[in-house]
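These notes concern the structure reproduced below.
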Amino acid sequence: MTVGRMTAPARPAFLPSEVDPTVFDEAFLRQLERLLLLLKAPVRGGLKGGRRSVKRGQSVEFADYRDYSLGDDLRQLDWNVYARLERLFVKLFVEEEDVTVTFLIDASASMAAGSPDKLQFAKRAAAALGYIGLASEDRVVVAALAGRTARRQSALRGSGRVFRLLSNLSAIAVADGPTDLLAAARHAAAQLTGRGVVVLISDLLDPSADHVIRDLAGTGSELIVLHVLSPQELDPVFEGDLRLVDAETGDGVDVTVDLATLDGYKARLAAWKDGFAELARKRRASYVDLPTDLPLAELVFAELRRRRVLG
Amino acid sequence: MPFATPLALLGLLFVPLVVAMYLLKLRREPTTVPSTLLWDRLVADVEANAPWQRLRRSLLLLLQLLLVLALAILAARPFLERPAGLAGDLVLVVDASASMGATDVEPNRLEAAKVAALEALRELPAGGRVSVVATGRTARVVANATTDLGRVRQAIASIEVTATTGDLGDALRLAGALAARSVDAEILVATDAALPSPPTARVDTPVRVLQVGRDRKNQAIAALAVRTAPSAVTRSVFVSVANLDFEPAERRIELYGDDRLLEARDVFLDPQARADVVIDDVPRNVAVVEVRLVASDDSAGAPDRLAIDDRAWAVVPPDQLRRILLVGEGDPYLETALSYLPNTELYGVEPDAYGPGTKPELFDLVIFESFVPTTLPPTAILAIAPPRTSPVGEVTGTLRNPGIGALGPDEPILRYVDLTTTHIAQAERLVLPNWARTVIPGPGGAPLLYIGDRAGQRTAVLAFEPRRSDLPLQVAFPILLANLAGELLGGSAGPADAVAPGSPVSLPIPAGATGLVVTRPDGSTVELAPGTPGAAAVTFTQTDLVGVYSAQPVRPPATPDPSASATPSAAPSASAAPTAPPVDPDAPIRFAVDLFDIDESTIAPGSVAAIEALGRAPTPSASPGTGGSGSGASASDRQPARDELWGPILLIALVLLCVEWAVYQRDALLRGWRTLSARVRPRAGEGG
C-alpha cells in the first residue's frame with residue numbers, strides 16, 4: 001500500500017537554510033527591485049545613498065547657486081554665468097544619501113491568530129518592503145516587539161543582504177507571555193539613530209496602541225503604520241453563547257453573539273480603525289489597514305502604491 | 001370558565017421552570033480570540049459571576065410564558081355550557097344509498113349529510129352516547145353507544161356511498177332496537193328522504209330527520225339488455241332511459257363494445273317519461289357492452305345530478321352449441337329446417353327407440369313429432385301434433401282446415417313470419433294450459449301454437465304437423481322454426497339479467513375446478529371456495545359495485561382428470577348463473593351489476609314528516625334552540641351541551657409558537673433578508 005506523504009515546498013537553491021522558503025520566490029524578488037519607498041520629505045541620512053538629502057553634494061541634480069569663496073572647488077564654478085555677469089558662482093547639487101528604514105514587527109501573542117496568521121503576513125510584508133529598501137541602497141533594520149522590549153537586529157545595507165534580512169525575519173517568533181506594546185515601542189524608539197522611516201506592523205490590539213503611534217511619530221522619523229487584521233477579526237463567524245478568551249492575557253468575557261452583537265462589533269471596529277487613521281493623519285504618519293488574506297503581490301503592487309507608501 | 005380536565009392546569013407549574021431557565025447562567029463555550037479588547041464594551045451588561053443571573057427583560061421569555069399558559073389551558077379543556085338539544089342516547093342513521101351520491105349539494109348528499117350530522121352532534125349533552133347506523137341495502141352498526149365523539153366522527157367518516165338501494169325501514173328498526181336500551185333516546189336520520197313510499201317500520205322513539213338534497217334533475221338508464229335475434233345471427237342492444245325530472249332533457253347514449261365506441265345516439269326525453277332505444281347489428285365478437293348516458297351537445301342547461309345510473313353494462317351471452325333431439329317418424333321438411341339452425345346439432349330417433357337409454361336430459365331441446373312419451377324429459381320440449389292428452393296439453397279432438405286467427409304484432413316468435421297465405425289441412429284441437437300463451441290462435445279459442453314455462457321447462461306445442469299444411473313450402477316456415485327454437489333454447493335468446501348491487505350471486509363451479517377468483521370492477525379480486533368439496537356452485541356476495549365482474553375457475557395443479565372430457569356427459573348442467581355456462585370450462589364467467597332502480601334514481605327529496613311520523617311524538621319539554629325537538633320525560637334532567645374552546649386556544653398557541661420561533665431565529669431571518677436585498681439591489685441597478 002502506498003501512503004501519501006506531505007511534501008514541503010521546494011526550497012530555491014540560492015536561499016540560505018535559515019530563510020523560510022515560503023516567504024519569497026525569485027520572480028517575486030525581481031519584481032520588488034522596481035519599487036522604491038516614497039518619503040514625504042527629504043531625510044537626513046548617513047552614508048551616501050539613493051535618496052535626496054537636505055544636504056548639498058555630488059549628484060547630477062542641480063540645486064542652487066552660491067557665491068564663490070576661497071577654497072571652493074574650481075570645478076564647480078559656473079563659467080557661463082561668469083561670462084555674463086563677470087561674477088563667480090558655484091553650482092550646488094542635491095546630495096543623495098541613504099536612509100534607515102526600521103521595521104517594528106509586533107510579535108505579541110495576538111499576532112499568531114487568524115488564517116493566514118498576522119505575524120506571518122507581517123513578516124512577509126516587512127521582507128517585501130525591506131527588500132525594496134535594500135534595493136534602493138537604504139539601511140534596513142528589523143526589530144521585533146515582544147514582552148516589554150524591542151529586539152533589534154543589526155542594520156543591513158545593499159541588495160546583497162537580502163538573505164540576511166530574510167533570516168532575521170524568519171527568526172521572529174510569537175512571544176509567550178503578554179506584550180506591553182507601548183513599552184516595547186518606546187524601547188525601539190530609544191534605539192533609533194537619526195531620522196528615518198519607521199514601519200510599524202501590528203494588529204494594534206493593545207489598550208495603549210494610540211500612545212504607541214503618538215510616541216513613534218514623535219521620534220522625528222517618518223512613521224508608516226501597517227495595521228494588520230485577520231478576516232476572522234474583521235468579520236467574526238461565531239455565534240451563540242460563548243466565553244471569549246483573550247489569547248494573550250487569558251482573560252475571558254461572556255458574550256451572546258447574535259446579529260446585533262456582530263453589528264455592534266463591526267461598528268466599533270470601524271470606529272477603532274478610524275481613530276487610528278485620524279491620529280496618524282494628525283501626526284503626519286501613514287496608516288494602512290490590511291486584511292491578512294490580501295495577496296502579497298496585491299499588497300506591494302497595488303495597495304501600498306495606492307496609499308502612496310510605495311512609488 | 002369551567003374545565004373538563006382541571007388537573008391539567010398543573011401544567012402551569014412549568015411557568016417557574018421557564019423563569020428558572022432564564023435565571024440560570026448559561027454554560028458558555030470557551031472560544032479563544034486574539035484579544036477581547038473590542039468585545040469588552042459590547043458585553044458589559046451580561047457580566048455576572050454568580051450561577052444565577054439577573055432576570056432581564058426578554059421577549060422570548062414573555063412568549064414562552066404565554067405559550068406555557070396557553071398549552072396548560074388547552075390541556076385543561078375549557079368549555080362553555082348551554083342547554084342540550086339532543087337526547088342523551090342518540091342513534092344516528094346515515095343513509096348511504098345510491099341516491100346519496102347525487103351532487104346537487106357539494107360535494108354530494110352523503111358528505112353534506114355527514115357534515116349536518118356532525119353539526120347536530122354539537123347539541124349532544126355532556127356524556128351523551130351515540131350509536132351510528134349506516135344504511136345501504138342492509139343496515140349496519142358502525143358505532144355502538146360510545147361517548148367518545150372522536151370514534152363517532154371516525155365512524156361517520158368511514159361511511160361511503162353505496163350503489164345499492166337503501167332500506168330505511170330496516171335501518172329504523174335497527175335504530176329503534178338500539179334506542180330502546182335507554183329512556184332518553186332519540187333517532188336522528190340523515191337522509192335525502194328520496195323514497196318511493198315511507199317505510200312501514202314504526203319505532204317507539206322520537207325520530208328527527210336531517211334532510212339533504214334539493215334537486216330532482218336526473219336521467220337514468222333504467223334497463224339494458226342484449227338480445228340475440230331468434231335466428232342467432234345478429235344481436236341487438238335494448239336500452240331504456242328514464243327522465244325523472246320535471247323538465248325535458250336531451251341526452252346522448254353511447255354504446256361501447258369491449259370498451260370501443262360502437263354507436264352514439266341522441267335521445268330526447270320528455271319529463272317523467274322513458275325512452276326505449278334499440279341498437280341493432282352489434283358485432284358478434286363483442287363480449288361486454290356498456291352504455292353511457294352523457295350530455296348531448298345541446299344539453300348544457302339540463303344537469304344530471306346522479307352519476308351512478310348513467311352507466312350500465314351487459315354481458316353478451318356466448319355462442320353455444322345446442323343439441324336438438326327429434327323424436328318422430330321423420331319429416332323431411334322439419335329435418336331440413338332444423339338442420340339450418342346455427343350452432344345446433346340435430347339428432348334423430350324413432351318413437352319406438354325412444355326411452356331412458358336415449359338420455360334426453362342431455363339435449364337442450366327435444367321435439368316430439370306426433371308422439372308424446374309417458375315421462376317427459378327435464379328439458380325444453382316442442383310437441384308437434386300431440387296425439388293424446390299429456391302434461392304438455394290437453395287434446396280434445398281434431399280440427400279440419402282450421403283458420404288462423406288474429407296474430408299479435410309484438411309476438412317475437414312471429415317476427416318476420418307471414419302466415420296470411422298459410423293453409424292447414426288438419427290440426428289437433430288443444431286447450432290452452434294456464435302456463436302458456438297463445439302464439440298462433442286457431443278457431444274457437446283452440447290455439448294452433450302456444451308456448452310457456454311448464455314446471456320450469458320451456459314448452460311449446462304446435463297443433464299441426466307441418467307436412468299437413470303448406471307452411472313448409474313458404475318462407476315463413478324456417479323463420480318460424482328458428483324463432484321458436486330460439487325461444488325454447490333460452491340462453492342465447494334470453495337477456496343476460498343484470499344483478500342488483502349488493503345481491504348475492506350463485507356462480508357455477510366448472511367440473512374439476514376447486515374454486516373461483518372473482519375480479520371486481522375496481523380490479524380487486526376475491527377468491528371463492530365452495531363450502532363443501534365438490535359443490536357445483538358458490539355464492540358471491542360482494543356485488544356492491546356496479547360494473548362487470550369476471551369469475552375465473554381455479555384449477556388444481558394436479559394432472560387433468562380423464563373423466564372431465566368434452567363428452568355430452570360433461571355437458572353443463574342447469575344453474576342459476578346469470579349467464580349460461582360457457583362452452584370452454586375454463587372461460588371466465590362474466591356478469592354485470594347495474595342499478596336499474598327507478599326508485600333509487602328518483603332523487604327528488606321526499607317528505608320529512610312521513611319519516612318523522614314513524615317515531616314517537618316528542619314531548620313538549622324540548623329545549624330551546626333545537627327546533628322543538630327533545631324526547632322523553634327526562635329531557636329536563638339532561639346534562640347541558642358543551643362547547644369546548646380548544647380551537648381559538650390552539651390557534652393562539654400556534655401563533656405564539658410561530659412568533660417565538662421567529663424571534664429565536666431573527667438573526668437567520670435578518671441574514672436571509674440582507675442576502676436577498678443584496679441580490680436584488682444590483683439587479684435593480686442593472687435594470688435602471
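Each chain in the C-alpha cells gets a letter, A, B, ..., in the order shown, and its residues are numbered from 1; ligands are numbered from 1 in order too.
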
* **Residues of chain B within 6 Å of chain A, only C-alpha atoms counted, as a VMD selection string** => chain B and resid 28 to 36 43 667

Resulting file, chosen residues, N, CA and C atoms, as a PDB file, in the first residue's frame:
```pdb
ATOM      1  N   ARG B  28     -21.337  28.577  28.873  1.00  0.00           N
ATOM      2  CA  ARG B  28     -20.854  29.131  27.609  1.00  0.00           C
ATOM      3  C   ARG B  28     -19.641  28.364  27.106  1.00  0.00           C
ATOM      4  N   GLU B  29     -19.562  28.245  25.827  1.00  0.00           N
ATOM      5  CA  GLU B  29     -18.461  27.519  25.209  1.00  0.00           C
ATOM      6  C   GLU B  29     -17.254  28.445  25.084  1.00  0.00           C
ATOM      7  N   PRO B  30     -16.105  28.061  25.654  1.00  0.00           N
ATOM      8  CA  PRO B  30     -14.938  28.948  25.553  1.00  0.00           C
ATOM      9  C   PRO B  30     -14.394  29.003  24.123  1.00  0.00           C
ATOM     10  N   THR B  31     -14.121  30.201  23.660  1.00  0.00           N
ATOM     11  CA  THR B  31     -13.585  30.418  22.319  1.00  0.00           C
ATOM     12  C   THR B  31     -12.421  31.406  22.433  1.00  0.00           C
ATOM     13  N   THR B  32     -11.289  30.997  21.924  1.00  0.00           N
ATOM     14  CA  THR B  32     -10.103  31.852  22.014  1.00  0.00           C
ATOM     15  C   THR B  32     -10.115  32.880  20.887  1.00  0.00           C
ATOM     16  N   VAL B  33      -9.918  34.136  21.291  1.00  0.00           N
ATOM     17  CA  VAL B  33      -9.829  35.211  20.296  1.00  0.00           C
ATOM     18  C   VAL B  33      -8.514  35.939  20.518  1.00  0.00           C
ATOM     19  N   PRO B  34      -8.009  36.621  19.501  1.00  0.00           N
ATOM     20  CA  PRO B  34      -6.712  37.304  19.660  1.00  0.00           C
ATOM     21  C   PRO B  34      -6.749  38.300  20.811  1.00  0.00           C
ATOM     22  N   SER B  35      -7.848  38.990  20.940  1.00  0.00           N
ATOM     23  CA  SER B  35      -7.961  39.969  22.012  1.00  0.00           C
ATOM     24  C   SER B  35      -9.433  40.205  22.293  1.00  0.00           C
ATOM     25  N   THR B  36      -9.717  40.448  23.556  1.00  0.00           N
ATOM     26  CA  THR B  36     -11.100  40.763  23.912  1.00  0.00           C
ATOM     27  C   THR B  36     -11.310  42.270  23.973  1.00  0.00           C
ATOM     28  N   VAL B  43     -20.313  43.528  25.857  1.00  0.00           N
ATOM     29  CA  VAL B  43     -20.869  42.510  26.733  1.00  0.00           C
ATOM     30  C   VAL B  43     -20.942  42.979  28.165  1.00  0.00           C
ATOM     31  N   ASP B 667     -31.945  36.291  13.795  1.00  0.00           N
ATOM     32  CA  ASP B 667     -30.663  36.527  13.131  1.00  0.00           C
ATOM     33  C   ASP B 667     -30.632  35.878  11.760  1.00  0.00           C
TER      34      ASP B 667
END
```

* Residues within 12 Å of Leu192 of chain A, only C-alpha atoms, excluding chain neighbours under 3 positions, as a PyMOL selection string -> chain A and resi 99-104+140-143+150+152-155+185-189+195-198+216+218-222

Requested write-out: C-alpha atoms of the selected residues, as an mmCIF file, in the first residue's frame:
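Final file, again22.cif:
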```cif
data_model
loop_
_atom_site.group_PDB
_atom_site.id
_atom_site.type_symbol
_atom_site.label_atom_id
_atom_site.label_comp_id
_atom_site.auth_asym_id
_atom_site.auth_seq_id
_atom_site.Cartn_x
_atom_site.Cartn_y
_atom_site.Cartn_z
ATOM 1 C CA VAL A 99 18.055 56.432 4.897
ATOM 2 C CA THR A 100 17.404 53.982 7.739
ATOM 3 C CA VAL A 101 14.170 52.057 7.397
ATOM 4 C CA THR A 102 13.231 50.418 10.683
ATOM 5 C CA PHE A 103 10.604 47.692 10.709
ATOM 6 C CA LEU A 104 8.924 47.267 14.079
ATOM 7 C CA VAL A 140 17.150 48.295 6.797
ATOM 8 C CA VAL A 141 16.678 47.402 10.435
ATOM 9 C CA VAL A 142 14.258 44.818 11.765
ATOM 10 C CA ALA A 143 13.047 44.858 15.351
ATOM 11 C CA ALA A 150 12.276 45.518 21.116
ATOM 12 C CA ARG A 152 16.655 44.966 17.242
ATOM 13 C CA GLN A 153 18.711 43.213 14.591
ATOM 14 C CA SER A 154 21.784 44.739 13.003
ATOM 15 C CA ALA A 155 21.307 47.182 10.179
ATOM 16 C CA ALA A 185 7.755 50.612 21.130
ATOM 17 C CA ARG A 186 9.400 53.121 23.441
ATOM 18 C CA HIS A 187 12.337 50.772 23.764
ATOM 19 C CA ALA A 188 12.547 50.604 19.985
ATOM 20 C CA ALA A 189 12.256 54.378 19.678
ATOM 21 C CA ARG A 195 15.716 60.375 11.477
ATOM 22 C CA GLY A 196 14.487 57.810 9.018
ATOM 23 C CA VAL A 197 11.480 55.728 8.314
ATOM 24 C CA VAL A 198 9.758 53.606 10.911
ATOM 25 C CA LEU A 216 6.765 56.715 17.384
ATOM 26 C CA GLY A 218 7.292 61.930 17.855
ATOM 27 C CA THR A 219 10.714 60.465 17.203
ATOM 28 C CA GLY A 220 11.177 62.613 14.130
ATOM 29 C CA SER A 221 11.214 59.649 11.823
ATOM 30 C CA GLU A 222 8.512 59.173 9.241
#
```

* Asked: DSSP on the backbone: what in segment 336-369 of chain B comes out alpha helix (DSSP H), as an MDAnalysis selection string?
  -> chainID B and resid 336:339

Put those residues in a file: C-alpha atoms, as a PDB file, in the first residue's frame.
```pdb
ATOM      1  CA  THR B 336     -84.247 -29.747 -43.271  1.00  0.00           C
ATOM      2  CA  ALA B 337     -85.382 -26.608 -41.498  1.00  0.00           C
ATOM      3  CA  LEU B 338     -83.847 -27.709 -38.177  1.00  0.00           C
ATOM      4  CA  SER B 339     -80.566 -28.593 -39.805  1.00  0.00           C
TER       5      SER B 339
END
```

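Interatomic distance, atom CA of Arg590 of chain B against atom CA of Phe363 of chain B: 24.2 Å.
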
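For Ile73 of chain B, the list of residues within 10 Å, based on only C-alpha atoms and with local chain neighbours fewer than 5 positions off taken out, reads Phe3, Thr5, Pro6, Ala8, Leu9, Leu10, Gly11, Leu12, Leu67, Val68, Pro78, Leu645, Trp646, Ile649 and Leu650 of chain B.
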
* **Distance of atom CA of Ala87 of chain B from atom CA of Arg638 of chain B, expressed in Å to one decimal place** => 7.6 Å

Quick one: residues within 9 Å of segment 453-467 of chain B, only C-alpha atoms, excluding same-chain residues fewer than 3 positions away - as a PDB file with N, CA and C atoms, in the first residue's frame?
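File result_33.pdb, as written:
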```
ATOM      1  N   ASP B 331     -89.811 -36.243 -40.658  1.00  0.00           N
ATOM      2  CA  ASP B 331     -90.453 -35.286 -41.555  1.00  0.00           C
ATOM      3  C   ASP B 331     -89.339 -34.542 -42.279  1.00  0.00           C
ATOM      4  N   PRO B 332     -89.172 -34.771 -43.576  1.00  0.00           N
ATOM      5  CA  PRO B 332     -88.044 -34.134 -44.277  1.00  0.00           C
ATOM      6  C   PRO B 332     -88.093 -32.613 -44.214  1.00  0.00           C
ATOM      7  N   TYR B 333     -89.312 -32.051 -44.216  1.00  0.00           N
ATOM      8  CA  TYR B 333     -89.373 -30.584 -44.117  1.00  0.00           C
ATOM      9  C   TYR B 333     -88.824 -30.116 -42.777  1.00  0.00           C
ATOM     10  N   LEU B 334     -89.262 -30.804 -41.747  1.00  0.00           N
ATOM     11  CA  LEU B 334     -88.842 -30.419 -40.400  1.00  0.00           C
ATOM     12  C   LEU B 334     -87.341 -30.617 -40.217  1.00  0.00           C
ATOM     13  N   GLU B 369     -92.580 -35.432 -32.428  1.00  0.00           N
ATOM     14  CA  GLU B 369     -93.436 -35.266 -33.611  1.00  0.00           C
ATOM     15  C   GLU B 369     -94.497 -36.367 -33.605  1.00  0.00           C
ATOM     16  N   SER B 370     -95.750 -35.940 -33.381  1.00  0.00           N
ATOM     17  CA  SER B 370     -96.887 -36.877 -33.328  1.00  0.00           C
ATOM     18  C   SER B 370     -96.634 -37.977 -32.309  1.00  0.00           C
ATOM     19  N   PRO B 378     -86.664 -33.731 -18.585  1.00  0.00           N
ATOM     20  CA  PRO B 378     -86.474 -32.425 -17.897  1.00  0.00           C
ATOM     21  C   PRO B 378     -85.702 -31.436 -18.763  1.00  0.00           C
ATOM     22  N   THR B 379     -86.243 -31.087 -19.889  1.00  0.00           N
ATOM     23  CA  THR B 379     -85.583 -30.147 -20.784  1.00  0.00           C
ATOM     24  C   THR B 379     -86.658 -29.466 -21.618  1.00  0.00           C
ATOM     25  N   ALA B 380     -86.233 -28.538 -22.463  1.00  0.00           N
ATOM     26  CA  ALA B 380     -87.204 -27.831 -23.287  1.00  0.00           C
ATOM     27  C   ALA B 380     -87.843 -28.799 -24.290  1.00  0.00           C
ATOM     28  N   ILE B 381     -89.124 -28.581 -24.523  1.00  0.00           N
ATOM     29  CA  ILE B 381     -89.877 -29.539 -25.353  1.00  0.00           C
ATOM     30  C   ILE B 381     -90.684 -28.776 -26.388  1.00  0.00           C
ATOM     31  N   LEU B 382     -90.650 -29.297 -27.600  1.00  0.00           N
ATOM     32  CA  LEU B 382     -91.578 -28.836 -28.635  1.00  0.00           C
ATOM     33  C   LEU B 382     -92.384 -30.054 -29.075  1.00  0.00           C
ATOM     34  N   ALA B 383     -93.657 -29.980 -28.762  1.00  0.00           N
ATOM     35  CA  ALA B 383     -94.528 -31.101 -29.137  1.00  0.00           C
ATOM     36  C   ALA B 383     -95.301 -30.699 -30.399  1.00  0.00           C
ATOM     37  N   ILE B 384     -95.195 -31.516 -31.426  1.00  0.00           N
ATOM     38  CA  ILE B 384     -95.877 -31.233 -32.687  1.00  0.00           C
ATOM     39  C   ILE B 384     -97.007 -32.238 -32.841  1.00  0.00           C
ATOM     40  N   ALA B 385     -98.186 -31.709 -32.924  1.00  0.00           N
ATOM     41  CA  ALA B 385     -99.390 -32.525 -33.096  1.00  0.00           C
ATOM     42  C   ALA B 385     -99.430 -33.674 -32.104  1.00  0.00           C
ATOM     43  N   PRO B 386     -99.510 -33.363 -30.827  1.00  0.00           N
ATOM     44  CA  PRO B 386     -99.540 -34.449 -29.833  1.00  0.00           C
ATOM     45  C   PRO B 386    -100.807 -35.279 -30.027  1.00  0.00           C
ATOM     46  N   PRO B 391     -99.053 -33.958 -20.196  1.00  0.00           N
ATOM     47  CA  PRO B 391     -98.720 -32.727 -19.461  1.00  0.00           C
ATOM     48  C   PRO B 391     -98.463 -31.525 -20.353  1.00  0.00           C
ATOM     49  N   VAL B 392     -98.161 -31.747 -21.629  1.00  0.00           N
ATOM     50  CA  VAL B 392     -97.892 -30.596 -22.482  1.00  0.00           C
ATOM     51  C   VAL B 392     -99.197 -29.958 -22.952  1.00  0.00           C
ATOM     52  N   GLY B 393    -100.284 -30.681 -22.833  1.00  0.00           N
ATOM     53  CA  GLY B 393    -101.530 -30.079 -23.276  1.00  0.00           C
ATOM     54  C   GLY B 393    -102.646 -31.111 -23.403  1.00  0.00           C
ATOM     55  N   ILE B 424    -103.902 -24.874 -43.483  1.00  0.00           N
ATOM     56  CA  ILE B 424    -103.645 -26.067 -42.679  1.00  0.00           C
ATOM     57  C   ILE B 424    -104.749 -27.060 -42.967  1.00  0.00           C
ATOM     58  N   ALA B 425    -104.366 -28.283 -43.281  1.00  0.00           N
ATOM     59  CA  ALA B 425    -105.359 -29.304 -43.615  1.00  0.00           C
ATOM     60  C   ALA B 425    -105.972 -29.891 -42.349  1.00  0.00           C
ATOM     61  N   GLN B 426    -105.090 -30.206 -41.368  1.00  0.00           N
ATOM     62  CA  GLN B 426    -105.623 -30.868 -40.166  1.00  0.00           C
ATOM     63  C   GLN B 426    -104.750 -30.489 -38.980  1.00  0.00           C
ATOM     64  N   ALA B 427    -105.428 -30.308 -37.867  1.00  0.00           N
ATOM     65  CA  ALA B 427    -104.693 -29.977 -36.647  1.00  0.00           C
ATOM     66  C   ALA B 427    -105.408 -30.582 -35.458  1.00  0.00           C
ATOM     67  N   GLU B 428    -104.644 -30.736 -34.361  1.00  0.00           N
ATOM     68  CA  GLU B 428    -105.245 -31.230 -33.138  1.00  0.00           C
ATOM     69  C   GLU B 428    -105.954 -30.068 -32.433  1.00  0.00           C
ATOM     70  N   ARG B 429    -107.063 -30.392 -31.844  1.00  0.00           N
ATOM     71  CA  ARG B 429    -107.770 -29.351 -31.077  1.00  0.00           C
ATOM     72  C   ARG B 429    -107.198 -29.363 -29.646  1.00  0.00           C
ATOM     73  N   LEU B 430    -106.647 -28.290 -29.268  1.00  0.00           N
ATOM     74  CA  LEU B 430    -105.953 -28.215 -27.980  1.00  0.00           C
ATOM     75  C   LEU B 430    -106.646 -27.200 -27.067  1.00  0.00           C
ATOM     76  N   TRP B 435    -100.250 -22.240 -18.068  1.00  0.00           N
ATOM     77  CA  TRP B 435     -98.861 -21.800 -18.033  1.00  0.00           C
ATOM     78  C   TRP B 435     -98.381 -21.262 -19.380  1.00  0.00           C
ATOM     79  N   ALA B 436     -99.239 -21.228 -20.376  1.00  0.00           N
ATOM     80  CA  ALA B 436     -98.791 -20.910 -21.736  1.00  0.00           C
ATOM     81  C   ALA B 436     -99.517 -19.692 -22.272  1.00  0.00           C
ATOM     82  N   ILE B 440    -100.123 -18.649 -32.077  1.00  0.00           N
ATOM     83  CA  ILE B 440    -100.970 -18.650 -33.276  1.00  0.00           C
ATOM     84  C   ILE B 440    -102.356 -19.122 -32.833  1.00  0.00           C
ATOM     85  N   PRO B 447    -105.815 -23.005 -29.602  1.00  0.00           N
ATOM     86  CA  PRO B 447    -104.568 -22.453 -30.140  1.00  0.00           C
ATOM     87  C   PRO B 447    -103.929 -23.412 -31.129  1.00  0.00           C
ATOM     88  N   LEU B 448    -103.310 -22.839 -32.154  1.00  0.00           N
ATOM     89  CA  LEU B 448    -102.545 -23.651 -33.095  1.00  0.00           C
ATOM     90  C   LEU B 448    -101.083 -23.712 -32.669  1.00  0.00           C
ATOM     91  N   LEU B 449    -100.649 -22.740 -31.911  1.00  0.00           N
ATOM     92  CA  LEU B 449     -99.280 -22.755 -31.359  1.00  0.00           C
ATOM     93  C   LEU B 449     -99.305 -21.976 -30.055  1.00  0.00           C
ATOM     94  N   TYR B 450     -98.823 -22.642 -29.025  1.00  0.00           N
ATOM     95  CA  TYR B 450     -98.672 -21.904 -27.771  1.00  0.00           C
ATOM     96  C   TYR B 450     -97.346 -22.270 -27.134  1.00  0.00           C
ATOM     97  N   ASP B 470     -99.421 -26.169 -45.962  1.00  0.00           N
ATOM     98  CA  ASP B 470     -98.485 -25.671 -46.980  1.00  0.00           C
ATOM     99  C   ASP B 470     -97.429 -24.752 -46.371  1.00  0.00           C
ATOM    100  N   LEU B 471     -97.360 -24.782 -45.067  1.00  0.00           N
ATOM    101  CA  LEU B 471     -96.363 -23.928 -44.408  1.00  0.00           C
ATOM    102  C   LEU B 471     -94.934 -24.274 -44.824  1.00  0.00           C
ATOM    103  N   PRO B 472     -94.569 -25.574 -44.935  1.00  0.00           N
ATOM    104  CA  PRO B 472     -93.180 -25.876 -45.315  1.00  0.00           C
ATOM    105  C   PRO B 472     -92.805 -25.339 -46.678  1.00  0.00           C
ATOM    106  N   PHE B 477     -91.759 -20.669 -42.938  1.00  0.00           N
ATOM    107  CA  PHE B 477     -91.551 -21.890 -42.158  1.00  0.00           C
ATOM    108  C   PHE B 477     -90.184 -21.912 -41.455  1.00  0.00           C
ATOM    109  N   LEU B 484     -88.918 -20.087 -32.973  1.00  0.00           N
ATOM    110  CA  LEU B 484     -89.451 -20.993 -31.966  1.00  0.00           C
ATOM    111  C   LEU B 484     -88.310 -21.705 -31.229  1.00  0.00           C
ATOM    112  N   GLU B 487     -86.530 -19.306 -28.919  1.00  0.00           N
ATOM    113  CA  GLU B 487     -87.270 -19.065 -27.698  1.00  0.00           C
ATOM    114  C   GLU B 487     -87.181 -20.246 -26.743  1.00  0.00           C
ATOM    115  N   LEU B 488     -87.252 -21.458 -27.317  1.00  0.00           N
ATOM    116  CA  LEU B 488     -87.234 -22.649 -26.470  1.00  0.00           C
ATOM    117  C   LEU B 488     -85.849 -22.947 -25.917  1.00  0.00           C
ATOM    118  N   LEU B 489     -84.843 -22.657 -26.708  1.00  0.00           N
ATOM    119  CA  LEU B 489     -83.492 -22.971 -26.244  1.00  0.00           C
ATOM    120  C   LEU B 489     -83.047 -22.042 -25.119  1.00  0.00           C
ATOM    121  N   GLY B 490     -83.770 -20.908 -25.000  1.00  0.00           N
ATOM    122  CA  GLY B 490     -83.405 -19.992 -23.911  1.00  0.00           C
ATOM    123  C   GLY B 490     -81.975 -19.548 -24.093  1.00  0.00           C
TER     124      GLY B 490
END
```

* To do: Rounded to one decimal place, report the atom CA of Phe540 of chain B-atom CA of Pro504 of chain B distance in Å.
  => 5.5 Å

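Minimum distance to Ala201 of chain B across B:Thr541, B:Gln219, B:Ala171, B:Tyr22 (counting only C-alpha atoms) occurs at B:Ala171.
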
* Which one is closest to Ile187 of chain B: B:Leu651, B:Ala617, B:Leu63, B:Leu69? Count only C-alpha atoms. -> B:Ala617

* Quick one: residues within 12 Å of Ser58 of chain B, only C-alpha atoms counted, chain neighbours fewer than 6 positions away excluded, as an MDAnalysis selection string? -> chainID B and resid 19 22:23 64:65 660 663:664

* DSSP on the backbone: what in segment 83-145 of chain A comes out strand (DSSP E or B), as a list of chain:residue names? -> A:Phe89, A:Val90, A:Lys91, A:Leu92, A:Phe93, A:Val94, A:Glu95, A:Glu96, A:Glu97, A:Thr100, A:Val101, A:Thr102, A:Phe103, A:Leu104, A:Ile105, A:Asp106, A:Arg139, A:Val140, A:Val141, A:Val142, A:Ala143, A:Ala144, A:Leu145

* Skipping near chain neighbours, those fewer than 2 positions away, what residues fall within 7 Å of Gly128 of chain B using only C-alpha atoms, listed as a ChimeraX atom specification? -> /B:88-89,124-126,130,147

* For Thr344 of chain B, list every protein, DNA or RNA residue within 7 Å, evaluated using only C-alpha atoms, and leave out those in the same chain fewer than 5 positions away; present the list as a ChimeraX atom specification. => /B:321-324
